[in-house]
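Asker: Please find run.pdb (PDB, C-alpha atoms, pLDDT in the B column) on the next line:
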```
ATOM      1  CA  MET J   1      64.429 146.014  37.654  1.00 87.00           C
ATOM      2  CA  ASN J   2      67.286 144.203  39.330  1.00 93.00           C
ATOM      3  CA  GLU J   3      69.286 141.501  37.606  1.00 96.00           C
ATOM      4  CA  LEU J   4      70.331 138.228  39.182  1.00 97.00           C
ATOM      5  CA  GLN J   5      72.329 135.387  37.693  1.00 98.00           C
ATOM      6  CA  PHE J   6      72.507 131.740  38.715  1.00 98.00           C
ATOM      7  CA  LYS J   7      74.634 128.950  37.234  1.00 97.00           C
ATOM      8  CA  THR J   8      74.750 125.229  37.653  1.00 97.00           C
ATOM      9  CA  SER J   9      76.595 122.398  35.952  1.00 98.00           C
ATOM     10  CA  ILE J  10      74.786 119.136  35.416  1.00 98.00           C
ATOM     11  CA  ASN J  11      76.391 115.830  34.423  1.00 98.00           C
ATOM     12  CA  ALA J  12      73.943 115.113  31.616  1.00 97.00           C
ATOM     13  CA  PRO J  13      73.609 115.981  27.933  1.00 97.00           C
ATOM     14  CA  VAL J  14      71.898 119.241  27.067  1.00 97.00           C
ATOM     15  CA  ASN J  15      69.018 117.545  25.223  1.00 96.00           C
ATOM     16  CA  LYS J  16      68.038 115.628  28.376  1.00 97.00           C
ATOM     17  CA  ILE J  17      68.279 118.716  30.591  1.00 97.00           C
ATOM     18  CA  TYR J  18      66.261 120.824  28.165  1.00 97.00           C
ATOM     19  CA  ASP J  19      63.588 118.111  27.957  1.00 97.00           C
ATOM     20  CA  TYR J  20      63.369 117.681  31.733  1.00 97.00           C
ATOM     21  CA  MET J  21      63.528 121.398  32.499  1.00 97.00           C
ATOM     22  CA  LEU J  22      60.648 122.244  30.167  1.00 98.00           C
ATOM     23  CA  GLY J  23      58.722 119.014  30.787  1.00 97.00           C
ATOM     24  CA  ILE J  24      58.607 118.265  27.052  1.00 96.00           C
ATOM     25  CA  SER J  25      58.315 114.456  27.290  1.00 96.00           C
ATOM     26  CA  ASN J  26      56.720 114.463  30.727  1.00 97.00           C
ATOM     27  CA  LYS J  27      55.388 117.628  32.395  1.00 97.00           C
ATOM     28  CA  SER J  28      56.100 116.136  35.825  1.00 97.00           C
ATOM     29  CA  THR J  29      59.860 116.739  35.386  1.00 97.00           C
ATOM     30  CA  TYR J  30      59.143 120.488  35.064  1.00 98.00           C
ATOM     31  CA  GLU J  31      56.823 120.336  38.072  1.00 98.00           C
ATOM     32  CA  GLN J  32      59.487 118.524  40.154  1.00 97.00           C
ATOM     33  CA  TRP J  33      62.272 121.041  39.699  1.00 97.00           C
ATOM     34  CA  VAL J  34      60.070 124.139  40.226  1.00 97.00           C
ATOM     35  CA  SER J  35      58.232 122.676  43.230  1.00 97.00           C
ATOM     36  CA  VAL J  36      60.395 124.746  45.625  1.00 96.00           C
ATOM     37  CA  PHE J  37      58.635 127.885  44.357  1.00 95.00           C
ATOM     38  CA  ASN J  38      55.200 126.333  44.919  1.00 95.00           C
ATOM     39  CA  PRO J  39      54.480 122.610  45.459  1.00 95.00           C
ATOM     40  CA  THR J  40      51.634 122.851  42.902  1.00 96.00           C
ATOM     41  CA  SER J  41      53.652 124.676  40.211  1.00 96.00           C
ATOM     42  CA  THR J  42      52.822 123.800  36.624  1.00 97.00           C
ATOM     43  CA  TYR J  43      52.370 125.505  33.295  1.00 97.00           C
ATOM     44  CA  GLU J  44      49.713 125.768  30.625  1.00 96.00           C
ATOM     45  CA  GLY J  45      50.653 126.684  27.086  1.00 97.00           C
ATOM     46  CA  SER J  46      53.513 126.190  24.687  1.00 96.00           C
ATOM     47  CA  TRP J  47      57.279 126.725  24.767  1.00 98.00           C
ATOM     48  CA  ASP J  48      57.239 127.748  21.083  1.00 97.00           C
ATOM     49  CA  LYS J  49      58.656 131.173  20.214  1.00 98.00           C
ATOM     50  CA  GLY J  50      55.905 133.794  20.331  1.00 97.00           C
ATOM     51  CA  SER J  51      53.535 131.604  22.368  1.00 98.00           C
ATOM     52  CA  LYS J  52      51.711 132.626  25.511  1.00 97.00           C
ATOM     53  CA  ILE J  53      52.392 130.451  28.533  1.00 98.00           C
ATOM     54  CA  LEU J  54      50.882 130.551  32.024  1.00 97.00           C
ATOM     55  CA  PHE J  55      53.010 129.603  35.031  1.00 96.00           C
ATOM     56  CA  LEU J  56      50.493 128.530  37.648  1.00 96.00           C
ATOM     57  CA  GLY J  57      50.087 127.133  41.118  1.00 95.00           C
ATOM     58  CA  LEU J  58      47.532 127.058  43.891  1.00 93.00           C
ATOM     59  CA  ASP J  59      47.712 129.546  46.740  1.00 86.00           C
ATOM     60  CA  GLU J  60      46.964 128.798  50.413  1.00 86.00           C
ATOM     61  CA  ASN J  61      43.219 129.122  49.666  1.00 87.00           C
ATOM     62  CA  GLY J  62      43.335 126.680  46.757  1.00 88.00           C
ATOM     63  CA  GLU J  63      42.954 129.495  44.208  1.00 90.00           C
ATOM     64  CA  LYS J  64      44.858 129.215  40.936  1.00 93.00           C
ATOM     65  CA  GLY J  65      47.333 132.044  40.417  1.00 92.00           C
ATOM     66  CA  GLY J  66      50.587 132.845  38.730  1.00 93.00           C
ATOM     67  CA  MET J  67      52.173 134.672  35.840  1.00 93.00           C
ATOM     68  CA  VAL J  68      51.131 135.399  32.282  1.00 95.00           C
ATOM     69  CA  SER J  69      54.169 135.185  30.034  1.00 96.00           C
ATOM     70  CA  ARG J  70      55.330 134.817  26.454  1.00 97.00           C
ATOM     71  CA  ILE J  71      58.205 132.925  24.918  1.00 98.00           C
ATOM     72  CA  ILE J  72      60.451 135.547  23.326  1.00 98.00           C
ATOM     73  CA  GLU J  73      63.059 133.120  22.034  1.00 98.00           C
ATOM     74  CA  ASN J  74      63.533 129.369  22.068  1.00 98.00           C
ATOM     75  CA  ASN J  75      66.658 128.105  20.333  1.00 97.00           C
ATOM     76  CA  LEU J  76      66.551 124.360  20.905  1.00 96.00           C
ATOM     77  CA  TYR J  77      69.184 123.213  23.436  1.00 97.00           C
ATOM     78  CA  GLN J  78      70.844 126.671  23.438  1.00 98.00           C
ATOM     79  CA  PHE J  79      68.729 129.550  24.730  1.00 98.00           C
ATOM     80  CA  LEU J  80      65.263 130.212  26.152  1.00 98.00           C
ATOM     81  CA  SER J  81      63.878 133.678  26.893  1.00 98.00           C
ATOM     82  CA  ILE J  82      60.607 134.184  28.780  1.00 98.00           C
ATOM     83  CA  GLN J  83      58.977 137.587  29.218  1.00 96.00           C
ATOM     84  CA  HIS J  84      56.531 137.974  32.091  1.00 94.00           C
ATOM     85  CA  TYR J  85      53.815 140.515  31.359  1.00 93.00           C
ATOM     86  CA  GLY J  86      50.873 139.798  33.628  1.00 93.00           C
ATOM     87  CA  LEU J  87      49.352 138.047  36.595  1.00 92.00           C
ATOM     88  CA  PHE J  88      46.815 135.246  36.677  1.00 93.00           C
ATOM     89  CA  MET J  89      44.438 135.734  39.608  1.00 89.00           C
ATOM     90  CA  GLY J  90      40.864 134.634  40.177  1.00 83.00           C
ATOM     91  CA  ASN J  91      40.734 132.861  36.800  1.00 86.00           C
ATOM     92  CA  LYS J  92      41.570 136.155  35.080  1.00 91.00           C
ATOM     93  CA  GLU J  93      44.613 137.432  33.251  1.00 92.00           C
ATOM     94  CA  ILE J  94      45.626 140.838  34.574  1.00 91.00           C
ATOM     95  CA  THR J  95      48.013 142.670  32.251  1.00 90.00           C
ATOM     96  CA  GLU J  96      47.584 146.257  33.468  1.00 91.00           C
ATOM     97  CA  GLY J  97      47.615 148.145  36.739  1.00 87.00           C
ATOM     98  CA  PRO J  98      50.032 148.876  39.572  1.00 82.00           C
ATOM     99  CA  GLU J  99      50.584 145.221  40.571  1.00 80.00           C
ATOM    100  CA  VAL J 100      51.755 144.400  37.051  1.00 84.00           C
ATOM    101  CA  GLU J 101      53.545 147.616  36.109  1.00 82.00           C
ATOM    102  CA  LYS J 102      56.296 147.315  38.713  1.00 77.00           C
ATOM    103  CA  TRP J 103      57.707 144.150  37.120  1.00 76.00           C
ATOM    104  CA  ALA J 104      55.997 143.814  33.718  1.00 79.00           C
ATOM    105  CA  ASN J 105      58.206 142.796  30.823  1.00 85.00           C
ATOM    106  CA  GLY J 106      60.859 141.320  33.082  1.00 90.00           C
ATOM    107  CA  LEU J 107      62.880 138.597  31.391  1.00 96.00           C
ATOM    108  CA  GLU J 108      63.901 135.140  32.541  1.00 97.00           C
ATOM    109  CA  ASN J 109      66.678 133.837  30.281  1.00 98.00           C
ATOM    110  CA  TYR J 110      68.300 130.399  30.207  1.00 98.00           C
ATOM    111  CA  THR J 111      71.546 129.704  28.346  1.00 98.00           C
ATOM    112  CA  PHE J 112      72.686 126.089  27.862  1.00 98.00           C
ATOM    113  CA  GLU J 113      76.288 125.099  27.107  1.00 98.00           C
ATOM    114  CA  GLU J 114      77.372 121.462  26.846  1.00 97.00           C
ATOM    115  CA  ASN J 115      81.001 120.398  27.111  1.00 96.00           C
ATOM    116  CA  ASN J 116      82.068 116.738  27.265  1.00 94.00           C
ATOM    117  CA  GLY J 117      78.713 115.524  28.607  1.00 92.00           C
ATOM    118  CA  THR J 118      78.383 118.232  31.254  1.00 97.00           C
ATOM    119  CA  THR J 119      75.908 121.034  30.654  1.00 98.00           C
ATOM    120  CA  THR J 120      76.143 124.442  32.253  1.00 98.00           C
ATOM    121  CA  ILE J 121      72.905 126.371  32.613  1.00 98.00           C
ATOM    122  CA  THR J 122      73.105 130.116  33.175  1.00 98.00           C
ATOM    123  CA  VAL J 123      69.919 131.790  34.366  1.00 98.00           C
ATOM    124  CA  ASP J 124      69.533 135.559  34.079  1.00 98.00           C
ATOM    125  CA  LEU J 125      66.521 137.061  35.869  1.00 96.00           C
ATOM    126  CA  GLN J 126      65.116 140.569  35.888  1.00 95.00           C
ATOM    127  CA  ILE J 127      63.150 141.025  39.111  1.00 90.00           C
ATOM    128  CA  THR J 128      61.899 143.648  41.518  1.00 88.00           C
ATOM    129  CA  GLU J 129      63.811 144.624  44.649  1.00 89.00           C
ATOM    130  CA  ASP J 130      61.335 142.849  46.944  1.00 89.00           C
ATOM    131  CA  LEU J 131      62.083 139.457  45.326  1.00 88.00           C
ATOM    132  CA  ILE J 132      65.898 139.537  45.486  1.00 93.00           C
ATOM    133  CA  ASP J 133      66.274 137.676  48.809  1.00 95.00           C
ATOM    134  CA  TYR J 134      63.580 135.143  47.899  1.00 94.00           C
ATOM    135  CA  MET J 135      65.152 134.365  44.520  1.00 95.00           C
ATOM    136  CA  ASN J 136      68.682 134.226  45.948  1.00 97.00           C
ATOM    137  CA  GLU J 137      67.463 131.635  48.438  1.00 97.00           C
ATOM    138  CA  THR J 138      65.012 129.678  46.273  1.00 96.00           C
ATOM    139  CA  PHE J 139      66.408 129.605  42.741  1.00 97.00           C
ATOM    140  CA  PRO J 140      69.580 127.656  43.664  1.00 97.00           C
ATOM    141  CA  LYS J 141      67.347 125.042  45.352  1.00 97.00           C
ATOM    142  CA  ALA J 142      65.268 124.753  42.183  1.00 97.00           C
ATOM    143  CA  LEU J 143      68.418 124.264  40.102  1.00 98.00           C
ATOM    144  CA  ASP J 144      69.582 121.605  42.593  1.00 97.00           C
ATOM    145  CA  ASN J 145      66.265 119.814  42.014  1.00 97.00           C
ATOM    146  CA  LEU J 146      66.822 119.978  38.256  1.00 98.00           C
ATOM    147  CA  LYS J 147      70.359 118.625  38.686  1.00 98.00           C
ATOM    148  CA  LYS J 148      69.108 115.703  40.794  1.00 97.00           C
ATOM    149  CA  ILE J 149      66.423 114.581  38.370  1.00 97.00           C
ATOM    150  CA  CYS J 150      68.710 114.983  35.335  1.00 97.00           C
ATOM    151  CA  GLU J 151      71.566 113.033  36.890  1.00 96.00           C
ATOM    152  CA  GLU J 152      69.386 110.112  38.070  1.00 89.00           C
TER     153      GLU J 152
END
```
Produce structure tokens that represent the structure in this file.

Answerer:
Amino acid sequence: MNELQFKTSINAPVNKIYDYMLGISNKSTYEQWVSVFNPTSTYEGSWDKGSKILFLGLDENGEKGGMVSRIIENNLYQFLSIQHYGLFMGNKEITEGPEVEKWANGLENYTFEENNGTTTITVDLQITEDLIDYMNETFPKALDNLKKICEE
């Protein structure tokens, strides 16, 4: 696994950013900031520690697909750790096999630090080699989306 890190500073309190990022009060705020990955991106499940959560979207054929994940840690307004351990394809969860094994158990960690009304989010990703260019191009755009909706 390769590790990437992204950071952004947002002129908003951490509780607002956390709420918007996870779509706690309104799922559409989550869907807005992740739309650069897939315009139909959403999630099903809970952000509670230990919970399973599905990150889903529709592919070019209108089929639902995505990742099967679990929340490893969720310290309110401080730290969120997501472990991806499977794929969702054809209305099935796939947690074994060559497609899963190359990246299974990769982590996606978010650290939040607020200072004088500005919050810095640090994102640490563990990903496969084939996704490095895509994530380097796309993740900053997603964080820009989050910044825009939080600063409105």

Asker: Measuring atom to atom with all atoms listed in the file, identify which of J:Leu87, J:Ile94, J:Leu4, J:Leu22 is nearest to Glu108 (chain J).

Answerer: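 Result for the nearest residue to Glu108 (chain J): J:Leu4.
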
Asker: Need to verify the contact set: Ala104 (chain J), 7 Å, all atoms listed in the file, exclusion of same-chain residues closer than 6 positions in sequence. Can you return it as a PyMOL selection string?

Answerer: chain J and resi 84-86

Asker: Excluding Lys147 (chain J) and its own-chain neighbours fewer than 6 positions away, which residues fall within 9 Å of it when counting only C-alpha atoms? Please give them as a list in words.

Answerer: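 So the residues in contact are Thr8, Ser9, Ile10, Asn11, Ala12, Ile17 and Trp33 of chain J.
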
Asker: Quick one: distance from CA of Thr40 (chain J) to CA of Pro13 (chain J) in Å, one decimal?

Answerer: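 Spanning CA of Thr40 (chain J) to CA of Pro13 (chain J) is a straight-line distance of 27.5 Å.
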
Asker: Just checking: using all atoms listed in the file, which residue out of J:Lys64, J:Trp47, J:Phe6, J:Pro39 ends up closest to Asp124 (chain J)?

Answerer: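 Ranked by minimum distance to Asp124 (chain J), first place goes to J:Phe6.
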
Asker: Using all atoms listed in the file, list the residues that have an atom at most 6 Å from (45.4, 134.1, 37.0), coordinates as in the file, as a PyMOL selection string.

Answerer: chain J and resi 65-66+87-93

Asker: Looking at only C-alpha atoms, which of J:Asn38, J:Asn115, J:Asn109, J:Thr128 is the one that sits closest to Asp59 (chain J)?

Answerer: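 Of the candidates, the smallest distance to Asp59 (chain J) is held by J:Asn38.
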
Asker: Would you mind telling me which residue in J:Tyr134, J:Tyr18, J:Tyr43, J:Phe37 lies nearest to Thr111 (chain J) when using all atoms listed in the file?

Answerer: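 Answer, going by the shortest atom-to-atom distance: J:Tyr18.
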
Asker: I'd like the residues picked by the PyMOL selection byres ((chain J and resi 21) around 9) written out as a PDB file with C-alpha atoms, in the coordinates of the input, using the chain letters and numbers from the file.

Answerer:
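Now in expr-v8.pdb:
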```pdb
ATOM      1  CA  LYS J  16      68.038 115.628  28.376  1.00 97.00           C
ATOM      2  CA  ILE J  17      68.279 118.716  30.591  1.00 97.00           C
ATOM      3  CA  TYR J  18      66.261 120.824  28.165  1.00 97.00           C
ATOM      4  CA  ASP J  19      63.588 118.111  27.957  1.00 97.00           C
ATOM      5  CA  TYR J  20      63.369 117.681  31.733  1.00 97.00           C
ATOM      6  CA  LEU J  22      60.648 122.244  30.167  1.00 98.00           C
ATOM      7  CA  GLY J  23      58.722 119.014  30.787  1.00 97.00           C
ATOM      8  CA  ILE J  24      58.607 118.265  27.052  1.00 96.00           C
ATOM      9  CA  LYS J  27      55.388 117.628  32.395  1.00 97.00           C
ATOM     10  CA  THR J  29      59.860 116.739  35.386  1.00 97.00           C
ATOM     11  CA  TYR J  30      59.143 120.488  35.064  1.00 98.00           C
ATOM     12  CA  GLU J  31      56.823 120.336  38.072  1.00 98.00           C
ATOM     13  CA  TRP J  33      62.272 121.041  39.699  1.00 97.00           C
ATOM     14  CA  VAL J  34      60.070 124.139  40.226  1.00 97.00           C
ATOM     15  CA  LEU J 146      66.822 119.978  38.256  1.00 98.00           C
ATOM     16  CA  CYS J 150      68.710 114.983  35.335  1.00 97.00           C
TER      17      CYS J 150
END
```

Asker: Once the PyMOL selection byres ((chain J and resi 142) around 10) has been evaluated on this model, what residues remain selected, and can you format them as a list in words?

Answerer: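 Applying the expression gives Gln32, Trp33, Val34, Ser35, Val36, Phe37, Met135, Glu137, Thr138, Phe139, Pro140, Lys141, Leu143, Asp144, Asn145, Leu146, Lys147 and Lys148 of chain J.
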
Asker: Quick one: write out the picked residues with C-alpha atoms as a JSON list (two decimals), in the frame of the given file?

Answerer:
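Saved result, again-v7.json, follows:
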```json
[["chain", "number", "residue", "atom", "x", "y", "z"],
["J", 32, "GLN", "CA", 59.49, 118.52, 40.15],
["J", 33, "TRP", "CA", 62.27, 121.04, 39.70],
["J", 34, "VAL", "CA", 60.07, 124.14, 40.23],
["J", 35, "SER", "CA", 58.23, 122.68, 43.23],
["J", 36, "VAL", "CA", 60.40, 124.75, 45.62],
["J", 37, "PHE", "CA", 58.64, 127.88, 44.36],
["J", 135, "MET", "CA", 65.15, 134.36, 44.52],
["J", 137, "GLU", "CA", 67.46, 131.64, 48.44],
["J", 138, "THR", "CA", 65.01, 129.68, 46.27],
["J", 139, "PHE", "CA", 66.41, 129.60, 42.74],
["J", 140, "PRO", "CA", 69.58, 127.66, 43.66],
["J", 141, "LYS", "CA", 67.35, 125.04, 45.35],
["J", 143, "LEU", "CA", 68.42, 124.26, 40.10],
["J", 144, "ASP", "CA", 69.58, 121.60, 42.59],
["J", 145, "ASN", "CA", 66.26, 119.81, 42.01],
["J", 146, "LEU", "CA", 66.82, 119.98, 38.26],
["J", 147, "LYS", "CA", 70.36, 118.62, 38.69],
["J", 148, "LYS", "CA", 69.11, 115.70, 40.79]]
```

Asker: Fewer than 4 positions away in the same chain doesn't count, so skip those; otherwise give me all residues within 6 Å of region 48-56 of chain J, counting only C-alpha atoms, as a VMD selection string.

Answerer: chain J and resid 41 to 44 65 to 74

Asker: Between CA of Asn105 (chain J) and CA of Asn61 (chain J), what is the distance in Å, rounded to a tenth?

Answerer: 27.7 Å

Asker: What is the distance, in Å and to one decimal place, between CA of Glu99 (chain J) and CA of Gly45 (chain J)?

Answerer: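 Spanning CA of Glu99 (chain J) to CA of Gly45 (chain J) is a straight-line distance of 22.9 Å.
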
Asker: When the PyMOL selection byres ((chain J and resi 119) around 6) is applied to the file above, which residues end up in the set, as a list of chain:residue names?

Answerer: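 Checking the PyMOL selection byres ((chain J and resi 119) around 6) against this file, the residues are J:Ser9, J:Ile10, J:Val14, J:Glu113, J:Glu114, J:Thr118, J:Thr120.
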